[in-house]
$ cat structure_18.cif   # mmCIF, N, CA and C atoms and all ligand atoms
data_start
#
loop_
_atom_site.label_atom_id
_atom_site.label_comp_id
_atom_site.auth_asym_id
_atom_site.auth_seq_id
_atom_site.Cartn_x
_atom_site.Cartn_y
_atom_site.Cartn_z
N MET A 1 -29.32 26.71 44.71
CA MET A 1 -28.90 26.97 43.33
C MET A 1 -30.10 26.86 42.39
N LYS A 2 -30.21 27.78 41.51
CA LYS A 2 -31.33 27.83 40.57
C LYS A 2 -31.16 26.75 39.51
N LYS A 3 -32.24 26.00 39.27
CA LYS A 3 -32.19 24.94 38.26
C LYS A 3 -32.51 25.53 36.90
N GLU A 4 -31.64 25.25 35.96
CA GLU A 4 -31.86 25.76 34.61
C GLU A 4 -32.58 24.73 33.76
N LYS A 5 -33.38 25.23 32.85
CA LYS A 5 -34.07 24.35 31.91
C LYS A 5 -33.14 23.95 30.79
N CYS A 6 -33.36 22.73 30.30
CA CYS A 6 -32.55 22.21 29.20
C CYS A 6 -32.78 23.05 27.94
N TYR A 7 -31.68 23.38 27.25
CA TYR A 7 -31.78 24.18 26.02
C TYR A 7 -32.27 23.34 24.84
N MET A 8 -32.12 22.02 24.96
CA MET A 8 -32.49 21.15 23.84
C MET A 8 -33.96 20.77 23.88
N CYS A 9 -34.37 20.08 24.94
CA CYS A 9 -35.75 19.56 24.98
C CYS A 9 -36.69 20.54 25.68
N GLU A 10 -36.11 21.49 26.43
CA GLU A 10 -36.89 22.50 27.16
C GLU A 10 -37.87 21.88 28.15
N LYS A 11 -37.60 20.63 28.54
CA LYS A 11 -38.46 19.96 29.53
C LYS A 11 -37.69 19.64 30.80
N GLY A 12 -36.52 19.07 30.61
CA GLY A 12 -35.72 18.63 31.74
C GLY A 12 -35.01 19.79 32.42
N THR A 13 -34.44 19.52 33.58
CA THR A 13 -33.61 20.52 34.23
C THR A 13 -32.16 20.06 34.20
N LEU A 14 -31.28 21.04 34.28
CA LEU A 14 -29.86 20.75 34.15
C LEU A 14 -29.21 20.56 35.51
N GLU A 15 -28.37 19.55 35.59
CA GLU A 15 -27.64 19.25 36.81
C GLU A 15 -26.15 19.30 36.51
N ASN A 16 -25.37 19.82 37.44
CA ASN A 16 -23.92 19.82 37.25
C ASN A 16 -23.36 18.45 37.56
N LYS A 17 -22.64 17.91 36.60
CA LYS A 17 -22.06 16.58 36.76
C LYS A 17 -20.71 16.52 36.09
N LYS A 18 -19.93 15.52 36.49
CA LYS A 18 -18.68 15.23 35.77
C LYS A 18 -19.00 14.11 34.81
N VAL A 19 -18.76 14.34 33.52
CA VAL A 19 -19.09 13.31 32.54
C VAL A 19 -17.87 12.95 31.69
N ASP A 20 -17.88 11.71 31.25
CA ASP A 20 -16.83 11.24 30.34
C ASP A 20 -17.02 11.91 28.99
N PHE A 21 -15.93 12.31 28.39
CA PHE A 21 -16.03 12.86 27.05
C PHE A 21 -15.07 12.11 26.16
N SER A 22 -15.57 11.63 25.03
CA SER A 22 -14.67 10.97 24.10
C SER A 22 -14.81 11.58 22.72
N LEU A 23 -13.71 11.52 22.00
CA LEU A 23 -13.66 12.07 20.66
C LEU A 23 -13.08 11.01 19.75
N HIS A 24 -13.74 10.74 18.66
CA HIS A 24 -13.30 9.71 17.70
C HIS A 24 -13.02 8.39 18.42
N GLY A 25 -13.82 8.10 19.44
CA GLY A 25 -13.71 6.82 20.12
C GLY A 25 -12.61 6.75 21.17
N VAL A 26 -11.93 7.86 21.42
CA VAL A 26 -10.89 7.87 22.45
C VAL A 26 -11.38 8.72 23.62
N VAL A 27 -11.37 8.12 24.83
CA VAL A 27 -11.86 8.85 26.00
C VAL A 27 -10.82 9.91 26.39
N LEU A 28 -11.28 11.15 26.51
CA LEU A 28 -10.38 12.25 26.85
C LEU A 28 -10.34 12.51 28.34
N GLY A 29 -11.33 12.01 29.08
CA GLY A 29 -11.36 12.21 30.51
C GLY A 29 -12.72 12.67 30.98
N LYS A 30 -12.78 13.06 32.27
CA LYS A 30 -14.04 13.54 32.83
C LYS A 30 -14.03 15.06 32.87
N PHE A 31 -15.13 15.66 32.48
CA PHE A 31 -15.22 17.11 32.45
C PHE A 31 -16.55 17.53 33.06
N SER A 32 -16.54 18.71 33.70
CA SER A 32 -17.80 19.15 34.30
C SER A 32 -18.72 19.68 33.22
N ALA A 33 -19.97 19.29 33.33
CA ALA A 33 -20.98 19.67 32.35
C ALA A 33 -22.31 19.80 33.04
N GLN A 34 -23.23 20.44 32.36
CA GLN A 34 -24.61 20.45 32.83
C GLN A 34 -25.33 19.37 32.04
N VAL A 35 -25.95 18.44 32.77
CA VAL A 35 -26.60 17.31 32.12
C VAL A 35 -28.11 17.40 32.33
N CYS A 36 -28.85 17.23 31.25
CA CYS A 36 -30.32 17.28 31.33
C CYS A 36 -30.84 15.98 31.94
N ASP A 37 -31.74 16.10 32.91
CA ASP A 37 -32.29 14.89 33.54
C ASP A 37 -33.40 14.25 32.72
N SER A 38 -33.75 14.89 31.60
CA SER A 38 -34.81 14.33 30.76
C SER A 38 -34.24 13.71 29.47
N CYS A 39 -33.56 14.51 28.65
CA CYS A 39 -33.07 13.97 27.37
C CYS A 39 -31.63 13.49 27.45
N GLY A 40 -30.91 13.85 28.53
CA GLY A 40 -29.54 13.39 28.69
C GLY A 40 -28.51 14.22 27.94
N GLU A 41 -28.93 15.27 27.29
CA GLU A 41 -28.00 16.14 26.57
C GLU A 41 -27.00 16.76 27.53
N LYS A 42 -25.74 16.88 27.08
CA LYS A 42 -24.70 17.45 27.93
C LYS A 42 -24.28 18.81 27.38
N PHE A 43 -24.13 19.76 28.28
CA PHE A 43 -23.68 21.08 27.87
C PHE A 43 -22.39 21.40 28.61
N PHE A 44 -21.35 21.72 27.86
CA PHE A 44 -20.06 22.05 28.46
C PHE A 44 -19.87 23.56 28.46
N ASP A 45 -19.39 24.08 29.58
CA ASP A 45 -19.13 25.52 29.61
C ASP A 45 -17.78 25.79 28.94
N GLU A 46 -17.42 27.07 28.87
CA GLU A 46 -16.22 27.46 28.16
C GLU A 46 -14.96 26.83 28.75
N THR A 47 -14.90 26.79 30.09
CA THR A 47 -13.73 26.20 30.76
C THR A 47 -13.58 24.73 30.38
N SER A 48 -14.68 23.99 30.43
CA SER A 48 -14.64 22.57 30.06
C SER A 48 -14.26 22.41 28.59
N SER A 49 -14.83 23.25 27.74
CA SER A 49 -14.54 23.16 26.30
C SER A 49 -13.06 23.38 26.04
N ASP A 50 -12.47 24.34 26.75
CA ASP A 50 -11.03 24.60 26.59
C ASP A 50 -10.21 23.39 27.04
N LEU A 51 -10.62 22.78 28.17
CA LEU A 51 -9.92 21.60 28.68
C LEU A 51 -10.05 20.43 27.71
N ILE A 52 -11.22 20.30 27.10
CA ILE A 52 -11.46 19.23 26.13
C ILE A 52 -10.58 19.44 24.90
N ASP A 53 -10.52 20.68 24.41
CA ASP A 53 -9.67 20.99 23.26
C ASP A 53 -8.21 20.65 23.56
N LYS A 54 -7.78 21.02 24.77
CA LYS A 54 -6.40 20.81 25.18
C LYS A 54 -6.09 19.31 25.21
N ALA A 55 -7.00 18.53 25.82
CA ALA A 55 -6.81 17.08 25.91
C ALA A 55 -6.80 16.46 24.52
N ALA A 56 -7.67 16.95 23.62
CA ALA A 56 -7.74 16.42 22.26
C ALA A 56 -6.43 16.68 21.52
N LYS A 57 -5.87 17.88 21.72
CA LYS A 57 -4.60 18.22 21.06
C LYS A 57 -3.48 17.34 21.58
N GLU A 58 -3.45 17.14 22.91
CA GLU A 58 -2.41 16.31 23.52
C GLU A 58 -2.44 14.88 23.00
N LYS A 59 -3.64 14.38 22.72
CA LYS A 59 -3.76 13.00 22.24
C LYS A 59 -3.69 12.91 20.72
N GLY A 60 -3.40 14.02 20.08
CA GLY A 60 -3.28 14.01 18.62
C GLY A 60 -4.60 13.81 17.90
N LEU A 61 -5.69 14.19 18.57
CA LEU A 61 -7.02 13.99 17.97
C LEU A 61 -7.57 15.28 17.38
N TRP A 62 -6.73 16.30 17.39
CA TRP A 62 -7.22 17.59 16.94
C TRP A 62 -7.14 17.68 15.42
N GLY A 63 -8.19 18.22 14.83
CA GLY A 63 -8.17 18.47 13.39
C GLY A 63 -8.24 17.23 12.54
N LEU A 64 -8.83 16.17 13.07
CA LEU A 64 -8.95 14.94 12.27
C LEU A 64 -10.07 15.05 11.24
N GLU A 65 -11.10 15.78 11.60
CA GLU A 65 -12.20 15.94 10.65
C GLU A 65 -11.74 16.81 9.51
N ALA A 66 -12.09 16.41 8.32
CA ALA A 66 -11.62 17.17 7.17
C ALA A 66 -12.61 17.07 6.03
N ASP A 67 -12.64 18.10 5.22
CA ASP A 67 -13.42 18.05 3.99
C ASP A 67 -12.47 17.66 2.88
N THR A 68 -12.97 16.88 1.96
CA THR A 68 -12.13 16.44 0.86
C THR A 68 -12.97 16.38 -0.40
N LYS A 69 -12.30 16.38 -1.54
CA LYS A 69 -13.01 16.31 -2.82
C LYS A 69 -12.81 14.95 -3.43
N ILE A 70 -13.82 14.51 -4.14
CA ILE A 70 -13.73 13.22 -4.82
C ILE A 70 -12.94 13.40 -6.12
N THR A 71 -12.01 12.50 -6.35
CA THR A 71 -11.22 12.56 -7.58
C THR A 71 -11.54 11.33 -8.43
N LYS A 72 -11.06 11.32 -9.65
CA LYS A 72 -11.35 10.23 -10.55
C LYS A 72 -10.08 9.41 -10.74
N THR A 73 -10.23 8.10 -10.68
CA THR A 73 -9.10 7.24 -11.00
C THR A 73 -9.62 6.14 -11.91
N GLY A 74 -9.24 6.17 -13.17
CA GLY A 74 -9.76 5.23 -14.15
C GLY A 74 -11.26 5.39 -14.28
N SER A 75 -12.00 4.25 -14.13
CA SER A 75 -13.45 4.35 -14.25
C SER A 75 -14.11 4.50 -12.88
N SER A 76 -13.30 4.49 -11.81
CA SER A 76 -13.84 4.66 -10.46
C SER A 76 -13.56 6.07 -9.98
N ILE A 77 -14.14 6.39 -8.85
CA ILE A 77 -13.81 7.66 -8.22
C ILE A 77 -13.15 7.35 -6.88
N ALA A 78 -12.39 8.29 -6.38
CA ALA A 78 -11.62 8.05 -5.16
C ALA A 78 -11.76 9.20 -4.18
N VAL A 79 -11.70 8.88 -2.91
CA VAL A 79 -11.73 9.89 -1.86
C VAL A 79 -10.33 9.93 -1.25
N THR A 80 -9.80 11.11 -1.13
CA THR A 80 -8.48 11.26 -0.53
C THR A 80 -8.63 11.36 0.98
N ILE A 81 -7.86 10.55 1.70
CA ILE A 81 -7.90 10.56 3.17
C ILE A 81 -6.66 11.30 3.66
N SER A 82 -6.89 12.27 4.52
CA SER A 82 -5.77 13.10 4.98
C SER A 82 -4.77 12.26 5.77
N LYS A 83 -3.54 12.77 5.82
CA LYS A 83 -2.46 12.09 6.52
C LYS A 83 -2.79 11.89 8.00
N GLN A 84 -3.42 12.92 8.61
CA GLN A 84 -3.78 12.82 10.03
C GLN A 84 -4.73 11.65 10.28
N ILE A 85 -5.76 11.55 9.42
CA ILE A 85 -6.74 10.47 9.59
C ILE A 85 -6.06 9.12 9.32
N ALA A 86 -5.25 9.08 8.27
CA ALA A 86 -4.55 7.83 7.92
C ALA A 86 -3.68 7.37 9.08
N ASN A 87 -2.96 8.30 9.70
CA ASN A 87 -2.11 7.96 10.84
C ASN A 87 -2.95 7.48 12.02
N PHE A 88 -4.01 8.22 12.31
CA PHE A 88 -4.88 7.87 13.43
C PHE A 88 -5.48 6.48 13.26
N MET A 89 -5.90 6.15 12.03
CA MET A 89 -6.56 4.87 11.78
C MET A 89 -5.60 3.79 11.29
N GLN A 90 -4.34 4.15 11.25
CA GLN A 90 -3.29 3.24 10.77
C GLN A 90 -3.63 2.67 9.40
N LEU A 91 -3.97 3.57 8.49
CA LEU A 91 -4.29 3.16 7.12
C LEU A 91 -3.05 3.37 6.26
N GLN A 92 -2.80 2.42 5.40
CA GLN A 92 -1.78 2.65 4.39
C GLN A 92 -2.21 1.96 3.11
N LYS A 93 -1.46 2.22 2.05
CA LYS A 93 -1.79 1.66 0.75
C LYS A 93 -1.91 0.14 0.84
N GLY A 94 -2.96 -0.41 0.25
CA GLY A 94 -3.14 -1.86 0.26
C GLY A 94 -4.01 -2.36 1.40
N LYS A 95 -4.24 -1.50 2.38
CA LYS A 95 -5.10 -1.88 3.52
C LYS A 95 -6.53 -2.08 3.01
N ARG A 96 -7.17 -3.13 3.48
CA ARG A 96 -8.55 -3.39 3.04
C ARG A 96 -9.54 -2.68 3.96
N VAL A 97 -10.49 -2.00 3.33
CA VAL A 97 -11.55 -1.35 4.09
C VAL A 97 -12.89 -1.79 3.53
N HIS A 98 -13.90 -1.70 4.36
CA HIS A 98 -15.25 -2.08 3.97
C HIS A 98 -16.09 -0.82 3.85
N LEU A 99 -16.69 -0.60 2.69
CA LEU A 99 -17.53 0.57 2.48
C LEU A 99 -18.98 0.23 2.75
N HIS A 100 -19.61 1.04 3.55
CA HIS A 100 -20.97 0.74 3.97
C HIS A 100 -21.80 2.03 3.91
N PRO A 101 -22.58 2.22 2.84
CA PRO A 101 -23.40 3.43 2.77
C PRO A 101 -24.53 3.36 3.78
N GLU A 102 -24.52 4.27 4.73
CA GLU A 102 -25.56 4.27 5.76
C GLU A 102 -26.86 4.86 5.21
N ASN A 103 -26.71 5.87 4.39
CA ASN A 103 -27.83 6.42 3.64
C ASN A 103 -27.24 7.15 2.45
N LYS A 104 -28.05 7.91 1.73
CA LYS A 104 -27.55 8.55 0.52
C LYS A 104 -26.56 9.69 0.80
N ASN A 105 -26.43 10.07 2.07
CA ASN A 105 -25.52 11.15 2.41
C ASN A 105 -24.38 10.74 3.32
N LYS A 106 -24.32 9.46 3.65
CA LYS A 106 -23.31 9.06 4.61
C LYS A 106 -22.69 7.73 4.23
N LEU A 107 -21.38 7.73 4.12
CA LEU A 107 -20.65 6.52 3.79
C LEU A 107 -19.70 6.18 4.94
N ILE A 108 -19.84 4.99 5.47
CA ILE A 108 -18.96 4.53 6.54
C ILE A 108 -17.81 3.74 5.92
N ILE A 109 -16.62 4.06 6.30
CA ILE A 109 -15.44 3.30 5.86
C ILE A 109 -14.91 2.56 7.07
N GLU A 110 -15.01 1.26 7.04
CA GLU A 110 -14.60 0.45 8.18
C GLU A 110 -13.33 -0.32 7.84
N VAL A 111 -12.37 -0.28 8.73
CA VAL A 111 -11.13 -0.99 8.49
C VAL A 111 -11.39 -2.48 8.67
N ALA A 112 -11.04 -3.27 7.68
CA ALA A 112 -11.23 -4.71 7.77
C ALA A 112 -10.32 -5.28 8.84
N SER A 113 -10.80 -6.34 9.50
CA SER A 113 -10.06 -6.84 10.66
C SER A 113 -8.74 -7.52 10.29
N SER A 114 -8.62 -8.04 9.07
CA SER A 114 -7.33 -8.64 8.73
C SER A 114 -6.79 -8.04 7.44
ZN ZN B 201 -33.15 17.98 27.74
#
$ encode --input "structure_18.cif" --output "structure tokens" --more "lines below"
Ligand SMILES: [Zn+2]
Amino acid sequence: MKKEKCYMCEKGTLENKKVDFSLHGVVLGKFSAQVCDSCGEKFFDETSSDLIDKAAKEKGLWGLEADTKITKTGSSIAVTISKQIANFMQLQKGKRVHLHPENKNKLIIEVASS
């Protein structure tokens, strides 16, 4: 079998392997992928991608990512969290979250433990 070069680092060669795939922290299962022996990048073919999509839909993880607009409430501003994300993260009104700006373009919202 012909060894393909990695599309990412262009140094390593790709090997067919079964790899774990997780989405939003939930493991969806093992899927066949080509894995680079140098940078570790994984490439999924169309069949694997379809299987991953199917598993994600079955676990209710599909369409969780969303764009939203910032609104104003009093002197603060607010971000609206979609119902899907709220359900997935078990968020409801009054729940305490911790805001952690990772950089000027990324804000992490962490659910407080109690
Ligand atoms: Zn690579």
$ closest_residue --input "structure_18.cif" --among "A:Ser82, A:Lys93, A:Val26, A:Thr47" --to "Gly60 in chain A" --atoms "only C-alpha atoms"
A:Val26
$ atom_distance --input "structure_18.cif" --atom1 "CA of Phe21 in chain A" --atom2 "CA of Val97 in chain A"
27.4 Å
$ closest_residue --input "structure_18.cif" --among "A:Glu10, A:Glu15, A:Asp67, A:Asp20" --to "ligand ZN 201 (chain B)" --atoms "only N, CA and C atoms and all ligand atoms"
A:Glu10
$ residues_near_ligand --input "structure_18.cif" --ligand "ligand ZN 201 (chain B)" --cutoff "12 Å" --atoms "only C-alpha atoms and all ligand atoms" --output "list in words"
Glu4, Lys5, Cys6, Tyr7, Met8, Cys9, Glu10, Lys11, Gly12, Thr13, Leu14, Glu15, Gln34, Val35, Cys36, Asp37, Ser38, Cys39, Gly40, Glu41, Lys42 and Phe43 of chain A
$ write_last_selection --input "structure_18.cif" --atoms "N, CA and C atoms" --output "tab-separated table (two decimals), in the frame of the given file"
chain	number	residue	atom	x	y	z
A	4	GLU	N	-31.64	25.25	35.96
A	4	GLU	CA	-31.86	25.76	34.61
A	4	GLU	C	-32.58	24.73	33.76
A	5	LYS	N	-33.38	25.23	32.85
A	5	LYS	CA	-34.07	24.35	31.91
A	5	LYS	C	-33.14	23.95	30.79
A	6	CYS	N	-33.36	22.73	30.30
A	6	CYS	CA	-32.55	22.21	29.20
A	6	CYS	C	-32.78	23.05	27.94
A	7	TYR	N	-31.68	23.38	27.25
A	7	TYR	CA	-31.78	24.18	26.02
A	7	TYR	C	-32.27	23.34	24.84
A	8	MET	N	-32.12	22.02	24.96
A	8	MET	CA	-32.49	21.15	23.84
A	8	MET	C	-33.96	20.77	23.88
A	9	CYS	N	-34.37	20.08	24.94
A	9	CYS	CA	-35.75	19.56	24.98
A	9	CYS	C	-36.69	20.54	25.68
A	10	GLU	N	-36.11	21.49	26.43
A	10	GLU	CA	-36.89	22.50	27.16
A	10	GLU	C	-37.87	21.88	28.15
A	11	LYS	N	-37.60	20.63	28.54
A	11	LYS	CA	-38.46	19.96	29.53
A	11	LYS	C	-37.69	19.64	30.80
A	12	GLY	N	-36.52	19.07	30.61
A	12	GLY	CA	-35.72	18.63	31.74
A	12	GLY	C	-35.01	19.79	32.42
A	13	THR	N	-34.44	19.52	33.58
A	13	THR	CA	-33.61	20.52	34.23
A	13	THR	C	-32.16	20.06	34.20
A	14	LEU	N	-31.28	21.04	34.28
A	14	LEU	CA	-29.86	20.75	34.15
A	14	LEU	C	-29.21	20.56	35.51
A	15	GLU	N	-28.37	19.55	35.59
A	15	GLU	CA	-27.64	19.25	36.81
A	15	GLU	C	-26.15	19.30	36.51
A	34	GLN	N	-23.23	20.44	32.36
A	34	GLN	CA	-24.61	20.45	32.83
A	34	GLN	C	-25.33	19.37	32.04
A	35	VAL	N	-25.95	18.44	32.77
A	35	VAL	CA	-26.60	17.31	32.12
A	35	VAL	C	-28.11	17.40	32.33
A	36	CYS	N	-28.85	17.23	31.25
A	36	CYS	CA	-30.32	17.28	31.33
A	36	CYS	C	-30.84	15.98	31.94
A	37	ASP	N	-31.74	16.10	32.91
A	37	ASP	CA	-32.29	14.89	33.54
A	37	ASP	C	-33.40	14.25	32.72
A	38	SER	N	-33.75	14.89	31.60
A	38	SER	CA	-34.81	14.33	30.76
A	38	SER	C	-34.24	13.71	29.47
A	39	CYS	N	-33.56	14.51	28.65
A	39	CYS	CA	-33.07	13.97	27.37
A	39	CYS	C	-31.63	13.49	27.45
A	40	GLY	N	-30.91	13.85	28.53
A	40	GLY	CA	-29.54	13.39	28.69
A	40	GLY	C	-28.51	14.22	27.94
A	41	GLU	N	-28.93	15.27	27.29
A	41	GLU	CA	-28.00	16.14	26.57
A	41	GLU	C	-27.00	16.76	27.53
A	42	LYS	N	-25.74	16.88	27.08
A	42	LYS	CA	-24.70	17.45	27.93
A	42	LYS	C	-24.28	18.81	27.38
A	43	PHE	N	-24.13	19.76	28.28
A	43	PHE	CA	-23.68	21.08	27.87
A	43	PHE	C	-22.39	21.40	28.61
$ residues_around --input "structure_18.cif" --residues "Phe44 in chain A" --least-positions-apart "2" --cutoff "6 Å" --atoms "all atoms listed in the file" --output "MDAnalysis selection string"
chainID A and resid 32:34 42 46 48:49
$ atom_distance --input "structure_18.cif" --atom1 "atom C of Leu61 in chain A" --atom2 "atom C of Ile81 in chain A"
14.3 Å
$ atom_distance --input "structure_18.cif" --atom1 "CA of Ser22 in chain A" --atom2 "CA of Ala56 in chain A"
9.0 Å
$ select_by_dssp --input "structure_18.cif" --residues "range 22-68 of chain A" --states "alpha helix (DSSP H)" --output "list in words"
Glu46, Thr47, Ser48, Ser49, Asp50, Leu51, Ile52, Asp53, Lys54, Ala55, Ala56, Lys57 and Glu58 of chain A
$ residues_around --input "structure_18.cif" --residues "Val111 in chain A" --least-positions-apart "3" --cutoff "9 Å" --atoms "only C-alpha atoms" --output "ChimeraX atom specification"
/A:89,91,95-99,114
$ select_by_dssp --input "structure_18.cif" --residues "range 18-74 of chain A" --states "strand (DSSP E or B)" --output "number ranges by chain"
A: 18-23, 26-36, 42-44, 70-73
$ write_last_selection --input "structure_18.cif" --atoms "N, CA and C atoms" --output "compact mmCIF listing (two decimals), keeping the file's coordinate frame"
# COMPACT_ATOMS: atom_id res chain seq x y z
N LYS A 18 -19.93 15.52 36.49
CA LYS A 18 -18.68 15.23 35.77
C LYS A 18 -19.00 14.11 34.81
N VAL A 19 -18.76 14.34 33.52
CA VAL A 19 -19.09 13.31 32.54
C VAL A 19 -17.87 12.95 31.69
N ASP A 20 -17.88 11.71 31.25
CA ASP A 20 -16.83 11.24 30.34
C ASP A 20 -17.02 11.91 28.99
N PHE A 21 -15.93 12.31 28.39
CA PHE A 21 -16.03 12.86 27.05
C PHE A 21 -15.07 12.11 26.16
N SER A 22 -15.57 11.63 25.03
CA SER A 22 -14.67 10.97 24.10
C SER A 22 -14.81 11.58 22.72
N LEU A 23 -13.71 11.52 22.00
CA LEU A 23 -13.66 12.07 20.66
C LEU A 23 -13.08 11.01 19.75
N VAL A 26 -11.93 7.86 21.42
CA VAL A 26 -10.89 7.87 22.45
C VAL A 26 -11.38 8.72 23.62
N VAL A 27 -11.37 8.12 24.83
CA VAL A 27 -11.86 8.85 26.00
C VAL A 27 -10.82 9.91 26.39
N LEU A 28 -11.28 11.15 26.51
CA LEU A 28 -10.38 12.25 26.85
C LEU A 28 -10.34 12.51 28.34
N GLY A 29 -11.33 12.01 29.08
CA GLY A 29 -11.36 12.21 30.51
C GLY A 29 -12.72 12.67 30.98
N LYS A 30 -12.78 13.06 32.27
CA LYS A 30 -14.04 13.54 32.83
C LYS A 30 -14.03 15.06 32.87
N PHE A 31 -15.13 15.66 32.48
CA PHE A 31 -15.22 17.11 32.45
C PHE A 31 -16.55 17.53 33.06
N SER A 32 -16.54 18.71 33.70
CA SER A 32 -17.80 19.15 34.30
C SER A 32 -18.72 19.68 33.22
N ALA A 33 -19.97 19.29 33.33
CA ALA A 33 -20.98 19.67 32.35
C ALA A 33 -22.31 19.80 33.04
N GLN A 34 -23.23 20.44 32.36
CA GLN A 34 -24.61 20.45 32.83
C GLN A 34 -25.33 19.37 32.04
N VAL A 35 -25.95 18.44 32.77
CA VAL A 35 -26.60 17.31 32.12
C VAL A 35 -28.11 17.40 32.33
N CYS A 36 -28.85 17.23 31.25
CA CYS A 36 -30.32 17.28 31.33
C CYS A 36 -30.84 15.98 31.94
N LYS A 42 -25.74 16.88 27.08
CA LYS A 42 -24.70 17.45 27.93
C LYS A 42 -24.28 18.81 27.38
N PHE A 43 -24.13 19.76 28.28
CA PHE A 43 -23.68 21.08 27.87
C PHE A 43 -22.39 21.40 28.61
N PHE A 44 -21.35 21.72 27.86
CA PHE A 44 -20.06 22.05 28.46
C PHE A 44 -19.87 23.56 28.46
N ILE A 70 -13.82 14.51 -4.14
CA ILE A 70 -13.73 13.22 -4.82
C ILE A 70 -12.94 13.40 -6.12
N THR A 71 -12.01 12.50 -6.35
CA THR A 71 -11.22 12.56 -7.58
C THR A 71 -11.54 11.33 -8.43
N LYS A 72 -11.06 11.32 -9.65
CA LYS A 72 -11.35 10.23 -10.55
C LYS A 72 -10.08 9.41 -10.74
N THR A 73 -10.23 8.10 -10.68
CA THR A 73 -9.10 7.24 -11.00
C THR A 73 -9.62 6.14 -11.91
$ closest_residue --input "structure_18.cif" --among "A:Lys54, A:Ser75, A:Leu107, A:Asn87" --to "Gly29 in chain A" --atoms "only C-alpha atoms"
A:Lys54
$ closest_residue --input "structure_18.cif" --among "A:Ile85, A:Lys3, A:Thr80, A:His100" --to "Asn16 in chain A" --atoms "only C-alpha atoms"
A:Lys3
$ residues_near_point --input "structure_18.cif" --point "(-5.3, 16.4, 17.0)" --cutoff "12 Å" --atoms "only C-alpha atoms" --output "JSON list (two decimals) with N, CA and C atoms, in the coordinates of the input"
[["chain", "number", "residue", "atom", "x", "y", "z"],
["A", 23, "LEU", "N", -13.71, 11.52, 22.00],
["A", 23, "LEU", "CA", -13.66, 12.07, 20.66],
["A", 23, "LEU", "C", -13.08, 11.01, 19.75],
["A", 24, "HIS", "N", -13.74, 10.74, 18.66],
["A", 24, "HIS", "CA", -13.30, 9.71, 17.70],
["A", 24, "HIS", "C", -13.02, 8.39, 18.42],
["A", 26, "VAL", "N", -11.93, 7.86, 21.42],
["A", 26, "VAL", "CA", -10.89, 7.87, 22.45],
["A", 26, "VAL", "C", -11.38, 8.72, 23.62],
["A", 28, "LEU", "N", -11.28, 11.15, 26.51],
["A", 28, "LEU", "CA", -10.38, 12.25, 26.85],
["A", 28, "LEU", "C", -10.34, 12.51, 28.34],
["A", 52, "ILE", "N", -11.22, 20.30, 27.10],
["A", 52, "ILE", "CA", -11.46, 19.23, 26.13],
["A", 52, "ILE", "C", -10.58, 19.44, 24.90],
["A", 53, "ASP", "N", -10.52, 20.68, 24.41],
["A", 53, "ASP", "CA", -9.67, 20.99, 23.26],
["A", 53, "ASP", "C", -8.21, 20.65, 23.56],
["A", 54, "LYS", "N", -7.78, 21.02, 24.77],
["A", 54, "LYS", "CA", -6.40, 20.81, 25.18],
["A", 54, "LYS", "C", -6.09, 19.31, 25.21],
["A", 55, "ALA", "N", -7.00, 18.53, 25.82],
["A", 55, "ALA", "CA", -6.81, 17.08, 25.91],
["A", 55, "ALA", "C", -6.80, 16.46, 24.52],
["A", 56, "ALA", "N", -7.67, 16.95, 23.62],
["A", 56, "ALA", "CA", -7.74, 16.42, 22.26],
["A", 56, "ALA", "C", -6.43, 16.68, 21.52],
["A", 57, "LYS", "N", -5.87, 17.88, 21.72],
["A", 57, "LYS", "CA", -4.60, 18.22, 21.06],
["A", 57, "LYS", "C", -3.48, 17.34, 21.58],
["A", 58, "GLU", "N", -3.45, 17.14, 22.91],
["A", 58, "GLU", "CA", -2.41, 16.31, 23.52],
["A", 58, "GLU", "C", -2.44, 14.88, 23.00],
["A", 59, "LYS", "N", -3.64, 14.38, 22.72],
["A", 59, "LYS", "CA", -3.76, 13.00, 22.24],
["A", 59, "LYS", "C", -3.69, 12.91, 20.72],
["A", 60, "GLY", "N", -3.40, 14.02, 20.08],
["A", 60, "GLY", "CA", -3.28, 14.01, 18.62],
["A", 60, "GLY", "C", -4.60, 13.81, 17.90],
["A", 61, "LEU", "N", -5.69, 14.19, 18.57],
["A", 61, "LEU", "CA", -7.02, 13.99, 17.97],
["A", 61, "LEU", "C", -7.57, 15.28, 17.38],
["A", 62, "TRP", "N", -6.73, 16.30, 17.39],
["A", 62, "TRP", "CA", -7.22, 17.59, 16.94],
["A", 62, "TRP", "C", -7.14, 17.68, 15.42],
["A", 63, "GLY", "N", -8.19, 18.22, 14.83],
["A", 63, "GLY", "CA", -8.17, 18.47, 13.39],
["A", 63, "GLY", "C", -8.24, 17.23, 12.54],
["A", 64, "LEU", "N", -8.83, 16.17, 13.07],
["A", 64, "LEU", "CA", -8.95, 14.94, 12.27],
["A", 64, "LEU", "C", -10.07, 15.05, 11.24],
["A", 65, "GLU", "N", -11.10, 15.78, 11.60],
["A", 65, "GLU", "CA", -12.20, 15.94, 10.65],
["A", 65, "GLU", "C", -11.74, 16.81, 9.51],
["A", 66, "ALA", "N", -12.09, 16.41, 8.32],
["A", 66, "ALA", "CA", -11.62, 17.17, 7.17],
["A", 66, "ALA", "C", -12.61, 17.07, 6.03],
["A", 83, "LYS", "N", -3.54, 12.77, 5.82],
["A", 83, "LYS", "CA", -2.46, 12.09, 6.52],
["A", 83, "LYS", "C", -2.79, 11.89, 8.00],
["A", 84, "GLN", "N", -3.42, 12.92, 8.61],
["A", 84, "GLN", "CA", -3.78, 12.82, 10.03],
["A", 84, "GLN", "C", -4.73, 11.65, 10.28],
["A", 85, "ILE", "N", -5.76, 11.55, 9.42],
["A", 85, "ILE", "CA", -6.74, 10.47, 9.59],
["A", 85, "ILE", "C", -6.06, 9.12, 9.32],
["A", 87, "ASN", "N", -2.96, 8.30, 9.70],
["A", 87, "ASN", "CA", -2.11, 7.96, 10.84],
["A", 87, "ASN", "C", -2.95, 7.48, 12.02],
["A", 88, "PHE", "N", -4.01, 8.22, 12.31],
["A", 88, "PHE", "CA", -4.88, 7.87, 13.43],
["A", 88, "PHE", "C", -5.48, 6.48, 13.26]]
